[in-house]
>>> print(open('coords-v7.txt').read())   # compact mmCIF, C-alpha atoms
# COMPACT_ATOMS: atom_id res chain seq x y z
CA MET A 5 58.09 2.36 58.63
CA MET A 6 57.20 4.65 55.71
CA GLU A 7 58.47 2.13 53.20
CA GLY A 8 56.28 -0.62 54.77
CA LYS A 9 53.18 1.54 54.59
CA SER A 10 53.97 2.49 51.01
CA MET A 11 54.33 -1.19 50.05
CA LYS A 12 51.04 -2.05 51.75
CA ASN A 13 49.29 0.80 49.93
CA SER A 14 50.75 -0.37 46.63
CA LYS A 15 49.49 -3.90 47.24
CA LYS A 16 46.01 -2.56 48.07
CA MET A 17 46.03 -0.44 44.93
CA LEU A 18 47.11 -3.40 42.82
CA LYS A 19 44.39 -5.53 44.38
CA LEU A 20 41.76 -2.84 43.61
CA VAL A 21 42.99 -2.61 40.01
CA VAL A 22 42.75 -6.39 39.62
CA ILE A 23 39.22 -6.40 41.09
CA PHE A 24 38.23 -3.54 38.77
CA VAL A 25 39.63 -5.27 35.68
CA VAL A 26 37.96 -8.58 36.55
CA GLY A 27 34.68 -6.80 37.24
CA LEU A 28 34.89 -4.89 33.98
CA PHE A 29 35.60 -8.12 32.10
CA MET A 30 32.59 -9.80 33.73
CA LEU A 31 30.38 -6.80 32.91
CA ILE A 32 31.45 -6.85 29.27
CA SER A 33 30.81 -10.60 29.15
CA ILE A 34 27.32 -10.18 30.64
CA ASN A 35 26.51 -7.35 28.23
CA SER A 36 27.68 -9.41 25.29
CA VAL A 37 25.24 -12.12 26.31
CA PHE A 38 22.34 -9.69 26.58
CA ALA A 39 23.40 -7.86 23.40
CA LYS A 40 23.17 -11.05 21.43
CA GLU A 41 22.21 -10.42 17.82
CA ILE A 42 18.49 -10.79 17.11
CA THR A 43 17.32 -11.83 13.66
CA LEU A 44 13.80 -10.89 12.64
CA THR A 45 12.03 -12.56 9.75
CA VAL A 46 9.98 -10.13 7.68
CA ARG A 47 7.54 -11.60 5.17
CA CYS A 48 6.55 -9.23 2.37
CA TRP A 49 6.49 -8.77 -1.39
CA GLU A 50 9.30 -7.35 -3.54
CA TYR A 51 8.09 -3.75 -3.57
CA GLN A 52 7.92 -3.67 0.22
CA GLN A 53 11.38 -5.19 0.46
CA LYS A 54 12.76 -2.44 -1.80
CA CYS A 55 11.09 0.21 0.35
CA ILE A 56 12.59 -1.24 3.54
CA ASN A 57 16.03 -1.66 1.97
CA ALA A 58 16.05 2.04 1.07
CA CYS A 59 16.27 2.97 4.76
CA LEU A 60 17.63 -0.20 6.37
CA ASP A 61 21.19 1.07 6.85
CA LYS A 62 19.95 3.88 9.10
CA PHE A 63 17.90 1.37 11.09
CA TYR A 64 21.01 -0.76 11.63
CA GLU A 65 22.88 2.31 12.91
CA LEU A 66 20.21 2.76 15.58
CA TYR A 67 19.79 -0.93 16.37
CA PRO A 68 23.00 -2.81 15.43
CA GLU A 69 21.86 -5.85 17.45
CA ILE A 70 18.82 -6.42 15.18
CA LYS A 71 19.18 -8.01 11.75
CA ILE A 72 16.44 -8.41 9.14
CA GLU A 73 15.90 -11.48 6.99
CA PHE A 74 13.26 -11.32 4.27
CA GLU A 75 10.79 -13.91 3.05
CA VAL A 76 9.80 -12.42 -0.29
CA MET A 77 6.77 -13.69 -2.20
CA GLY A 78 3.76 -12.34 -4.05
CA PRO A 79 1.03 -10.60 -2.00
CA ALA A 80 -1.45 -13.46 -2.54
CA GLU A 81 1.17 -15.96 -1.34
CA VAL A 82 1.88 -13.82 1.75
CA TYR A 83 -1.78 -14.04 2.73
CA GLU A 84 -2.24 -17.71 1.86
CA LYS A 85 0.84 -18.78 3.80
CA LEU A 86 0.02 -16.57 6.78
CA LEU A 87 -3.44 -18.12 7.00
CA LEU A 88 -1.88 -21.58 7.06
CA ASP A 89 0.82 -20.59 9.58
CA ILE A 90 -1.67 -19.01 11.98
CA SER A 91 -3.97 -22.03 11.72
CA ALA A 92 -1.06 -24.42 12.32
CA GLY A 93 0.33 -22.38 15.22
CA GLU A 94 3.82 -22.35 13.72
CA GLY A 95 5.78 -21.11 10.73
CA ALA A 96 4.64 -17.47 10.84
CA PRO A 97 7.23 -14.71 10.36
CA ASP A 98 8.07 -12.24 13.11
CA VAL A 99 6.73 -9.35 11.06
CA THR A 100 4.41 -9.38 8.08
CA GLY A 101 3.47 -6.84 5.46
CA CYS A 102 -0.27 -6.67 4.86
CA GLU A 103 -2.39 -4.53 2.59
CA ASN A 104 -5.33 -2.84 4.25
CA SER A 105 -7.59 -4.84 1.95
CA HIS A 106 -6.67 -8.06 3.77
CA LEU A 107 -5.75 -6.79 7.23
CA ALA A 108 -9.19 -7.04 8.90
CA GLN A 109 -9.30 -10.74 8.04
CA PHE A 110 -6.12 -11.42 10.01
CA VAL A 111 -7.18 -9.18 12.90
CA ALA A 112 -10.40 -11.23 13.17
CA LEU A 113 -8.46 -14.48 12.89
CA GLY A 114 -6.45 -13.62 16.00
CA GLY A 115 -2.94 -14.28 14.72
CA LEU A 116 -1.52 -10.78 15.18
CA TYR A 117 0.04 -9.26 18.31
CA ASP A 118 -1.84 -6.52 20.16
CA ILE A 119 0.24 -3.31 19.94
CA THR A 120 -2.41 -0.91 21.26
CA GLU A 121 -0.39 0.72 24.05
CA LYS A 122 2.66 1.12 21.81
CA ALA A 123 0.65 2.46 18.85
CA LEU A 124 -1.64 4.94 20.65
CA PRO A 125 0.95 7.77 20.86
CA TYR A 126 0.99 7.74 17.04
CA TYR A 127 -2.78 7.62 16.51
CA ILE A 128 -3.29 11.31 15.68
CA LYS A 129 -0.05 11.43 13.70
CA MET A 130 -1.27 9.00 11.03
CA GLU A 131 -3.88 9.21 8.30
CA ARG A 132 -7.03 8.45 10.31
CA ALA A 133 -8.63 6.07 7.79
CA LYS A 134 -5.63 3.74 7.99
CA TRP A 135 -6.61 2.63 11.50
CA ILE A 136 -10.04 1.26 10.53
CA ASP A 137 -8.80 -2.12 9.32
CA ALA A 138 -6.09 -2.36 12.00
CA MET A 139 -8.59 -2.52 14.89
CA ASP A 140 -10.93 -5.13 16.28
CA LYS A 141 -14.42 -4.47 17.67
CA GLU A 142 -12.92 -3.41 21.01
CA LYS A 143 -10.70 -0.84 19.22
CA ARG A 144 -7.53 -2.75 20.02
CA ILE A 145 -4.75 -2.13 17.46
CA TYR A 146 -2.91 -4.93 15.65
CA ALA A 147 -0.92 -3.21 12.88
CA MET A 148 0.87 0.06 12.13
CA PRO A 149 -0.11 2.18 9.10
CA TRP A 150 2.76 2.24 6.62
CA ASP A 151 1.84 3.66 3.23
CA SER A 152 -1.39 4.94 1.71
CA GLY A 153 -2.77 4.50 -1.81
CA PRO A 154 -4.32 7.75 -3.12
CA VAL A 155 -5.20 7.33 -6.79
CA ALA A 156 -4.59 9.50 -9.85
CA ILE A 157 -4.23 9.05 -13.62
CA TRP A 158 -0.77 8.17 -14.91
CA TYR A 159 -0.61 9.00 -18.64
CA ARG A 160 1.81 8.58 -21.52
CA ARG A 161 2.74 12.01 -22.87
CA ASP A 162 3.92 10.55 -26.17
CA VAL A 163 0.65 8.70 -26.82
CA PHE A 164 -1.36 11.88 -26.23
CA GLU A 165 0.95 13.77 -28.59
CA LYS A 166 0.62 11.07 -31.23
CA ALA A 167 -3.15 11.49 -31.05
CA GLY A 168 -2.77 15.23 -31.63
CA LEU A 169 -3.67 16.10 -28.05
CA ALA A 170 -1.93 18.35 -25.53
CA SER A 171 0.44 16.45 -23.24
CA ASP A 172 1.38 18.83 -20.42
CA PRO A 173 -0.27 17.99 -17.06
CA GLU A 174 -2.36 21.17 -16.85
CA SER A 175 -3.87 20.64 -20.31
CA VAL A 176 -4.41 16.90 -19.82
CA ALA A 177 -6.20 17.56 -16.52
CA LYS A 178 -8.64 19.79 -18.44
CA LEU A 179 -9.05 17.21 -21.20
CA LEU A 180 -9.89 14.58 -18.57
CA ASP A 181 -12.06 16.79 -16.40
CA THR A 182 -14.96 14.31 -16.14
CA TRP A 183 -15.27 10.57 -16.69
CA ASP A 184 -17.39 11.37 -19.76
CA ASP A 185 -14.44 13.41 -21.07
CA PHE A 186 -12.15 10.48 -20.31
CA TYR A 187 -14.36 8.23 -22.45
CA GLU A 188 -14.37 10.70 -25.35
CA VAL A 189 -10.58 11.05 -25.24
CA ALA A 190 -10.31 7.24 -25.20
CA LYS A 191 -12.15 7.09 -28.55
CA ILE A 192 -9.85 9.73 -30.06
CA ILE A 193 -6.70 7.95 -28.89
CA LYS A 194 -7.90 4.59 -30.22
CA GLU A 195 -8.78 6.08 -33.59
CA LYS A 196 -5.60 8.15 -34.00
CA THR A 197 -3.01 5.81 -32.46
CA GLY A 198 -4.50 2.34 -32.07
CA SER A 199 -3.62 2.43 -28.37
CA TYR A 200 -6.10 1.50 -25.66
CA MET A 201 -7.05 3.97 -22.95
CA PHE A 202 -6.10 1.59 -20.13
CA ALA A 203 -5.87 -2.13 -19.34
CA GLN A 204 -8.55 -4.17 -17.59
CA ALA A 205 -8.85 -7.88 -18.32
CA LYS A 206 -12.32 -9.35 -18.68
CA ALA A 207 -11.30 -12.43 -16.69
CA ASN A 208 -8.66 -13.53 -14.16
CA ASN A 209 -8.74 -10.09 -12.62
CA ASP A 210 -9.57 -8.66 -9.22
CA PHE A 211 -11.28 -5.64 -10.81
CA ARG A 212 -9.61 -3.19 -8.47
CA ILE A 213 -10.15 -0.45 -11.07
CA TYR A 214 -13.86 -0.98 -10.57
CA GLU A 215 -13.35 -0.69 -6.81
CA ILE A 216 -11.46 2.58 -7.39
CA LEU A 217 -14.44 3.95 -9.32
CA LEU A 218 -16.74 2.93 -6.46
CA TRP A 219 -14.50 4.29 -3.72
CA GLN A 220 -14.34 7.69 -5.45
CA GLN A 221 -18.13 7.92 -5.07
CA GLY A 222 -18.19 6.77 -1.46
CA ALA A 223 -19.76 3.52 -2.61
CA GLY A 224 -18.48 -0.02 -2.04
CA TYR A 225 -19.40 -3.51 -0.94
CA VAL A 226 -20.93 -2.37 2.37
CA ASP A 227 -22.07 0.84 4.03
CA LYS A 228 -21.02 2.17 7.45
CA GLU A 229 -23.51 -0.14 9.15
CA GLY A 230 -22.02 -3.16 7.37
CA LYS A 231 -25.05 -3.69 5.10
CA VAL A 232 -24.41 -4.90 1.55
CA VAL A 233 -24.76 -2.04 -0.98
CA ILE A 234 -22.82 -3.35 -3.97
CA ASP A 235 -26.04 -3.23 -5.99
CA SER A 236 -26.56 0.51 -5.36
CA PRO A 237 -27.25 2.95 -8.24
CA LYS A 238 -23.69 4.29 -8.01
CA ALA A 239 -22.26 0.78 -8.28
CA VAL A 240 -24.49 0.00 -11.27
CA GLY A 241 -23.50 3.24 -12.98
CA ALA A 242 -19.78 2.55 -12.53
CA LEU A 243 -20.07 -0.96 -13.97
CA LYS A 244 -22.10 0.31 -16.94
CA TYR A 245 -19.33 2.83 -17.53
CA LEU A 246 -16.68 0.10 -17.66
CA GLY A 247 -18.98 -1.91 -19.90
CA LYS A 248 -18.85 0.80 -22.58
CA PHE A 249 -15.07 0.43 -22.79
CA TRP A 250 -15.26 -3.35 -23.12
CA LYS A 251 -17.99 -3.24 -25.75
CA GLU A 252 -16.21 -0.60 -27.83
CA ASP A 253 -12.77 -2.22 -27.53
CA LEU A 254 -11.23 0.76 -25.75
CA ILE A 255 -9.58 -1.34 -23.00
CA GLN A 256 -6.60 -3.65 -23.42
CA ASP A 257 -7.74 -7.11 -22.33
CA ALA A 258 -4.54 -7.90 -20.40
CA VAL A 259 -4.33 -9.67 -17.06
CA SER A 260 -2.67 -7.56 -14.37
CA TRP A 261 0.92 -8.40 -13.41
CA THR A 262 1.62 -10.40 -16.59
CA ALA A 263 4.02 -9.81 -19.49
CA GLY A 264 1.28 -8.44 -21.75
CA TRP A 265 0.15 -5.97 -19.09
CA TYR A 266 3.71 -4.73 -18.55
CA ALA A 267 4.30 -4.44 -22.30
CA GLY A 268 1.19 -2.32 -22.72
CA MET A 269 2.65 0.30 -20.37
CA ASP A 270 6.22 0.02 -21.59
CA GLU A 271 5.44 0.19 -25.31
CA GLY A 272 2.66 2.77 -25.19
CA LYS A 273 -0.12 0.31 -26.03
CA VAL A 274 -2.12 1.95 -23.24
CA ALA A 275 -2.43 5.71 -22.82
CA THR A 276 -3.23 5.82 -19.10
CA ILE A 277 -3.13 3.88 -15.85
CA ILE A 278 -5.81 4.40 -13.19
CA GLU A 279 -3.89 3.47 -10.08
CA GLY A 280 -2.47 4.27 -6.67
CA VAL A 281 0.59 6.40 -5.96
CA TRP A 282 2.82 3.35 -5.52
CA MET A 283 2.56 2.66 -9.27
CA GLY A 284 5.13 5.43 -9.80
CA GLY A 285 7.77 3.36 -8.04
CA PHE A 286 6.78 0.31 -10.06
CA LEU A 287 7.03 2.20 -13.37
CA SER A 288 10.40 3.80 -12.71
CA SER A 289 12.12 0.85 -11.04
CA TRP A 290 11.13 -2.21 -13.05
CA ILE A 291 8.03 -2.03 -15.30
CA THR A 292 9.12 0.78 -17.66
CA PRO A 293 12.52 2.04 -16.47
CA GLY A 294 13.45 3.05 -20.02
CA SER A 295 10.51 5.42 -20.46
CA SER A 296 11.82 8.32 -18.39
CA GLY A 297 10.19 11.61 -19.35
CA LYS A 298 7.26 9.96 -21.12
CA TRP A 299 4.90 9.88 -18.15
CA GLY A 300 2.77 12.51 -16.46
CA VAL A 301 0.23 12.51 -13.62
CA VAL A 302 -3.17 14.25 -13.32
CA PRO A 303 -6.01 14.03 -10.78
CA LEU A 304 -8.92 11.67 -11.32
CA PRO A 305 -11.80 12.92 -13.48
CA VAL A 306 -15.02 13.61 -11.59
CA TRP A 307 -18.34 11.82 -11.99
CA GLU A 308 -20.17 15.12 -11.85
CA LYS A 309 -19.19 18.79 -11.59
CA GLY A 310 -17.88 19.61 -8.12
CA GLY A 311 -17.26 15.95 -7.32
CA VAL A 312 -14.29 14.45 -5.52
CA ARG A 313 -11.12 13.89 -7.56
CA SER A 314 -9.80 11.24 -5.23
CA SER A 315 -9.97 7.55 -4.50
CA ASN A 316 -7.70 4.94 -2.98
CA ASP A 317 -6.25 1.57 -3.82
CA GLY A 318 -4.64 -0.52 -1.15
CA GLY A 319 -1.92 0.94 0.96
CA SER A 320 -0.29 -1.33 3.50
CA THR A 321 0.65 -1.93 7.11
CA LEU A 322 3.24 -3.79 9.18
CA ALA A 323 2.15 -6.21 11.90
CA ILE A 324 3.87 -8.41 14.48
CA THR A 325 2.60 -11.97 14.65
CA LYS A 326 1.75 -13.65 17.94
CA GLN A 327 4.33 -16.33 17.09
CA CYS A 328 7.17 -13.77 17.14
CA GLU A 329 9.64 -14.57 19.94
CA ASN A 330 11.28 -11.12 19.97
CA LYS A 331 8.31 -8.79 20.09
CA GLU A 332 10.21 -5.81 21.53
CA ALA A 333 12.75 -5.98 18.71
CA ALA A 334 9.95 -6.41 16.20
CA TRP A 335 8.24 -3.30 17.59
CA LYS A 336 11.46 -1.28 17.23
CA PHE A 337 11.55 -2.31 13.58
CA ILE A 338 7.96 -1.50 12.65
CA GLU A 339 8.05 1.68 14.73
CA TYR A 340 11.09 2.87 12.78
CA ILE A 341 9.71 2.02 9.35
CA THR A 342 6.27 3.55 9.94
CA THR A 343 6.91 6.52 12.26
CA ASN A 344 10.44 7.73 11.56
CA ARG A 345 10.08 10.82 9.39
CA ASP A 346 13.40 10.38 7.57
CA ALA A 347 12.64 6.73 6.82
CA GLN A 348 9.20 7.60 5.46
CA LEU A 349 10.59 10.40 3.30
CA THR A 350 13.33 8.14 1.94
CA MET A 351 10.80 5.50 0.88
CA TRP A 352 8.59 8.17 -0.66
CA LYS A 353 11.47 9.60 -2.67
CA GLU A 354 12.94 6.28 -3.77
CA MET A 355 9.84 4.15 -4.35
CA ASP A 356 6.76 6.44 -4.36
CA SER A 357 5.69 4.81 -1.11
CA PHE A 358 3.22 7.46 0.05
CA PRO A 359 3.55 8.11 3.81
CA SER A 360 0.73 7.48 6.23
CA LEU A 361 2.71 9.75 8.58
CA LEU A 362 1.00 13.13 8.19
CA GLU A 363 3.99 15.32 9.02
CA CYS A 364 5.69 14.19 5.80
CA TYR A 365 3.16 16.00 3.61
CA THR A 366 4.65 19.40 4.39
CA GLU A 367 8.21 18.38 3.51
CA SER A 368 8.90 20.87 0.69
CA SER A 369 12.18 19.28 -0.42
CA ILE A 370 10.21 16.19 -1.45
CA VAL A 371 6.92 17.77 -2.52
CA GLU A 372 8.51 20.49 -4.65
CA GLU A 373 11.01 18.19 -6.35
CA GLU A 374 10.81 18.10 -10.14
CA VAL A 375 11.10 14.42 -11.04
CA ALA A 376 12.80 13.66 -14.34
CA PHE A 377 11.04 10.32 -14.85
CA PHE A 378 7.71 12.18 -14.89
CA GLY A 379 8.88 14.83 -17.33
CA GLY A 380 10.08 17.20 -14.64
CA GLN A 381 6.63 17.31 -13.05
CA LYS A 382 6.21 17.86 -9.30
CA HIS A 383 3.92 14.84 -9.37
CA ARG A 384 3.84 14.26 -5.60
CA LYS A 385 1.61 17.33 -5.22
CA VAL A 386 -1.17 15.52 -7.09
CA PHE A 387 -1.23 12.73 -4.53
CA ILE A 388 -1.07 15.02 -1.50
CA GLU A 389 -4.22 16.76 -2.73
CA ALA A 390 -5.85 13.39 -3.43
CA ALA A 391 -4.95 12.08 0.02
CA LYS A 392 -6.82 14.97 1.68
CA ARG A 393 -10.14 13.96 0.10
CA ILE A 394 -10.30 10.17 0.02
CA PRO A 395 -13.94 9.13 0.65
CA TRP A 396 -14.87 6.63 3.36
CA TRP A 397 -14.42 2.92 2.68
CA ASN A 398 -14.20 -0.20 4.83
CA TYR A 399 -12.68 -3.37 3.41
CA THR A 400 -14.02 -5.51 6.34
CA LYS A 401 -12.89 -9.02 7.26
CA ASP A 402 -15.01 -10.41 4.39
CA TYR A 403 -13.23 -8.49 1.64
CA ALA A 404 -11.43 -11.47 0.07
CA GLU A 405 -14.66 -13.43 -0.17
CA MET A 406 -16.69 -10.47 -1.44
CA ASN A 407 -14.08 -9.67 -4.07
CA SER A 408 -13.99 -13.29 -5.28
CA ILE A 409 -17.78 -13.21 -5.72
CA LEU A 410 -17.52 -9.94 -7.61
CA GLN A 411 -14.88 -11.39 -9.92
CA THR A 412 -17.22 -14.23 -11.00
CA TYR A 413 -20.16 -12.06 -12.00
CA VAL A 414 -18.27 -9.06 -13.38
CA THR A 415 -16.31 -11.45 -15.60
CA ALA A 416 -19.62 -12.84 -16.89
CA TYR A 417 -20.83 -9.28 -17.56
CA ALA A 418 -17.57 -8.28 -19.31
CA ARG A 419 -17.82 -11.34 -21.57
CA GLY A 420 -21.48 -10.72 -22.36
CA ASP A 421 -22.80 -13.78 -20.51
CA ILE A 422 -24.76 -11.47 -18.19
CA LYS A 423 -26.46 -8.76 -20.21
CA SER A 424 -26.85 -5.93 -17.72
CA ALA A 425 -24.78 -4.34 -14.97
CA GLN A 426 -27.84 -4.33 -12.71
CA GLU A 427 -28.32 -8.09 -13.12
CA ALA A 428 -24.65 -8.80 -12.39
CA LEU A 429 -24.60 -6.66 -9.26
CA THR A 430 -27.91 -7.98 -7.99
CA GLN A 431 -26.50 -11.50 -8.13
CA ILE A 432 -23.26 -10.34 -6.47
CA ALA A 433 -25.19 -8.71 -3.61
CA GLU A 434 -27.41 -11.74 -3.08
CA GLU A 435 -24.47 -14.14 -2.93
CA ILE A 436 -22.49 -11.88 -0.57
CA ARG A 437 -25.48 -11.73 1.79
CA LEU A 438 -25.86 -15.51 1.63
CA ARG A 439 -22.19 -16.33 2.23
CA THR A 440 -21.34 -13.68 4.82
CA GLY A 441 -24.60 -13.44 6.73
CA ARG A 442 -24.78 -9.69 6.13
CA LYS A 443 -28.07 -7.90 5.46
>>> encode(input="coords-v7.txt", output="structure tokens")
Amino acid sequence: MMEGKSMKNSKKMLKLVVIFVVGLFMLISINSVFAKEITLTVRCWEYQQKCINACLDKFYELYPEIKIEFEVMGPAEVYEKLLLDISAGEGAPDVTGCENSHLAQFVALGGLYDITEKALPYYIKMERAKWIDAMDKEKRIYAMPWDSGPVAIWYRRDVFEKAGLASDPESVAKLLDTWDDFYEVAKIIKEKTGSYMFAQAKANNDFRIYEILLWQQGAGYVDKEGKVVIDSPKAVGALKYLGKFWKEDLIQDAVSWTAGWYAGMDEGKVATIIEGVWMGGFLSSWITPGSSGKWGVVPLPVWEKGGVRSSNDGGSTLAITKQCENKEAAWKFIEYITTNRDAQLTMWKEMDSFPSLLECYTESSIVEEEVAFFGGQKHRKVFIEAAKRIPWWNYTKDYAEMNSILQTYVTAYARGDIKSAQEALTQIAEEIRLRTGRK
């Protein structure tokens, strides 16, 4: 009897084991279906790709089921193609990089995915100004702040030394205390070395340096009510200031992002660069990688004593397009890149991608690092201070059109076809009002 019961129990146990194994196999099979690899297409430019690649391995550790494929092209091509893809209703990437300067246009166009509920927990954790262009009139959010663009002066230590001037950051900051001082130093450098103070082409240029000079003064294309103010006294004064450099041959007439422009920086044909923090990553990684130790960074000069030593240029965001078929996976990706502290610090360290994530600013291991490429300077401190004081600015959805109008008339002024800064800006303001319907 006992042997019969034992055999029956053994058969039951065997049956349970078989059921368990079959069930486990089916569960694994089901999970493998649901854990199917997801490939996200990310459209961006080369600098953004390098920033993402710097922290992509850690992302894959967290989300092994998600893979990233890049569509890399120039920023202008990113925007042109995205406009076409949104209009056509097909062809858009899952995720797109977008500078703040062009973001409002795509928000208004309606081709980006509403991430409001997902983004709100991070609202107070990001630089506040970065949200302006990411929202529509109803305050819905369509992009995540990624990096910011506080501006400073990058300068060639060797060019200053050749001109008989001090080259350490503290001394150079005193030399370039005001924009009038900057102009006087430009004349000395040209006379002593033959080098230009900076590069700004008279034509085929977006004149973002001019926008930097406006932004520093809290001026711009429009005011907070959206009224056109590009012909304001501050705007006229800034254009007159640039005009002095053109007339006195103190600026290298080189088109941005061309061989001549790169050579000016690499060979010391220009003494300074007026640009955003991201330029540091450009200089060290591919524009002038052989010039380690020759560069320094100082705050912007002021327009008047006690003025703000800060401005901004660009900065970017990441957005999910409405055409994306894997929006949850896309959110995991942009959430990681923009809100993960370690990812943001890695991109800052490797590529001078300045975090929009506020908690990164107190990271002493990054901020206090002496960087060999910049002569051992703790150059990140300059940009943290600048980021605290960036004046208000709104690109608006009309930025691309307003900037194209500005290019036409400022080019004419730079070439001498329009005689005064006031005349050029009056015409710019009138045409912007006509073409955008703004007051």
>>> residues_around(input="coords-v7.txt", residues="A:Lys134", least_positions_apart="2", cutoff="10 Å", atoms="all atoms listed in the file", output="list in words")
Asn104, Tyr127, Met130, Glu131, Arg132, Ile136, Asp137, Ala138, Met139, Ala147, Met148, Pro149, Trp150, Asp151, Ser152, Gly319, Ser320, Thr321, Ser360 and Asn398 of chain A
>>> residues_near_point(input="coords-v7.txt", point="(-6.3, 8.4, -16.6)", cutoff="9 Å", atoms="all atoms listed in the file", output="list of chain:residue names")
A:Ala156, A:Ile157, A:Trp158, A:Tyr159, A:Leu180, A:Phe186, A:Met201, A:Phe202, A:Ala275, A:Thr276, A:Ile277, A:Ile278, A:Glu279, A:Val301, A:Val302, A:Pro303, A:Leu304, A:Pro305
>>> residues_around(input="coords-v7.txt", residues="A:Leu438", least_positions_apart="3", cutoff="12 Å", atoms="only C-alpha atoms", output="PyMOL selection string")
chain A and resi 232+405-406+409+431-435+441-443
>>> closest_residue(input="coords-v7.txt", among="A:Ala267, A:Leu349, A:Leu217, A:Val274", to="A:Val163", atoms="all atoms listed in the file")
A:Val274
>>> axis_aligned_box(input="coords-v7.txt", around="stretch 109-128 of chain A", padding_each_side="5 Å", output="JSON")
{"center_x": -3.9, "center_y": -1.6, "center_z": 16.0, "size_x": 23.1, "size_y": 35.8, "size_z": 26.0}
>>> residues_around(input="coords-v7.txt", residues="A:Gly95", least_positions_apart="5", cutoff="12 Å", atoms="only C-alpha atoms", output="number ranges by chain")
A: 45, 47, 75, 85-90, 115, 325-329
>>> atom_distance(input="coords-v7.txt", atom1="atom CA of A:Leu322", atom2="atom CA of A:Phe63")
15.7 Å
>>> closest_residue(input="coords-v7.txt", among="A:Ala242, A:Val189, A:Ala333, A:Ala203", to="A:Phe164", atoms="all atoms listed in the file")
A:Val189
>>> closest_residue(input="coords-v7.txt", among="A:Glu165, A:Glu332, A:Glu354, A:Asp140", to="A:Lys401", atoms="all atoms listed in the file")
A:Asp140
>>> closest_residue(input="coords-v7.txt", among="A:Thr430, A:Ser171, A:Thr366, A:Tyr340", to="A:Asp61", atoms="only C-alpha atoms")
A:Tyr340
>>> atom_distance(input="coords-v7.txt", atom1="atom CA of A:Lys244", atom2="atom CA of A:Val155")
20.9 Å
>>> closest_residue(input="coords-v7.txt", among="A:Ile216, A:Gly93, A:Ser260, A:Gly311", to="A:Thr182", atoms="all atoms listed in the file")
A:Gly311
>>> atom_distance(input="coords-v7.txt", atom1="atom CA of A:Gln52", atom2="atom CA of A:Asp257")
27.7 Å
>>> closest_residue(input="coords-v7.txt", among="A:Arg437, A:Glu103, A:Ala239, A:Val386", to="A:Ala323", atoms="all atoms listed in the file")
A:Glu103
>>> residues_near_point(input="coords-v7.txt", point="(-22.1, 2.1, -3.8)", cutoff="9 Å", atoms="all atoms listed in the file", output="number ranges by chain")
A: 218-219, 221-227, 233-240
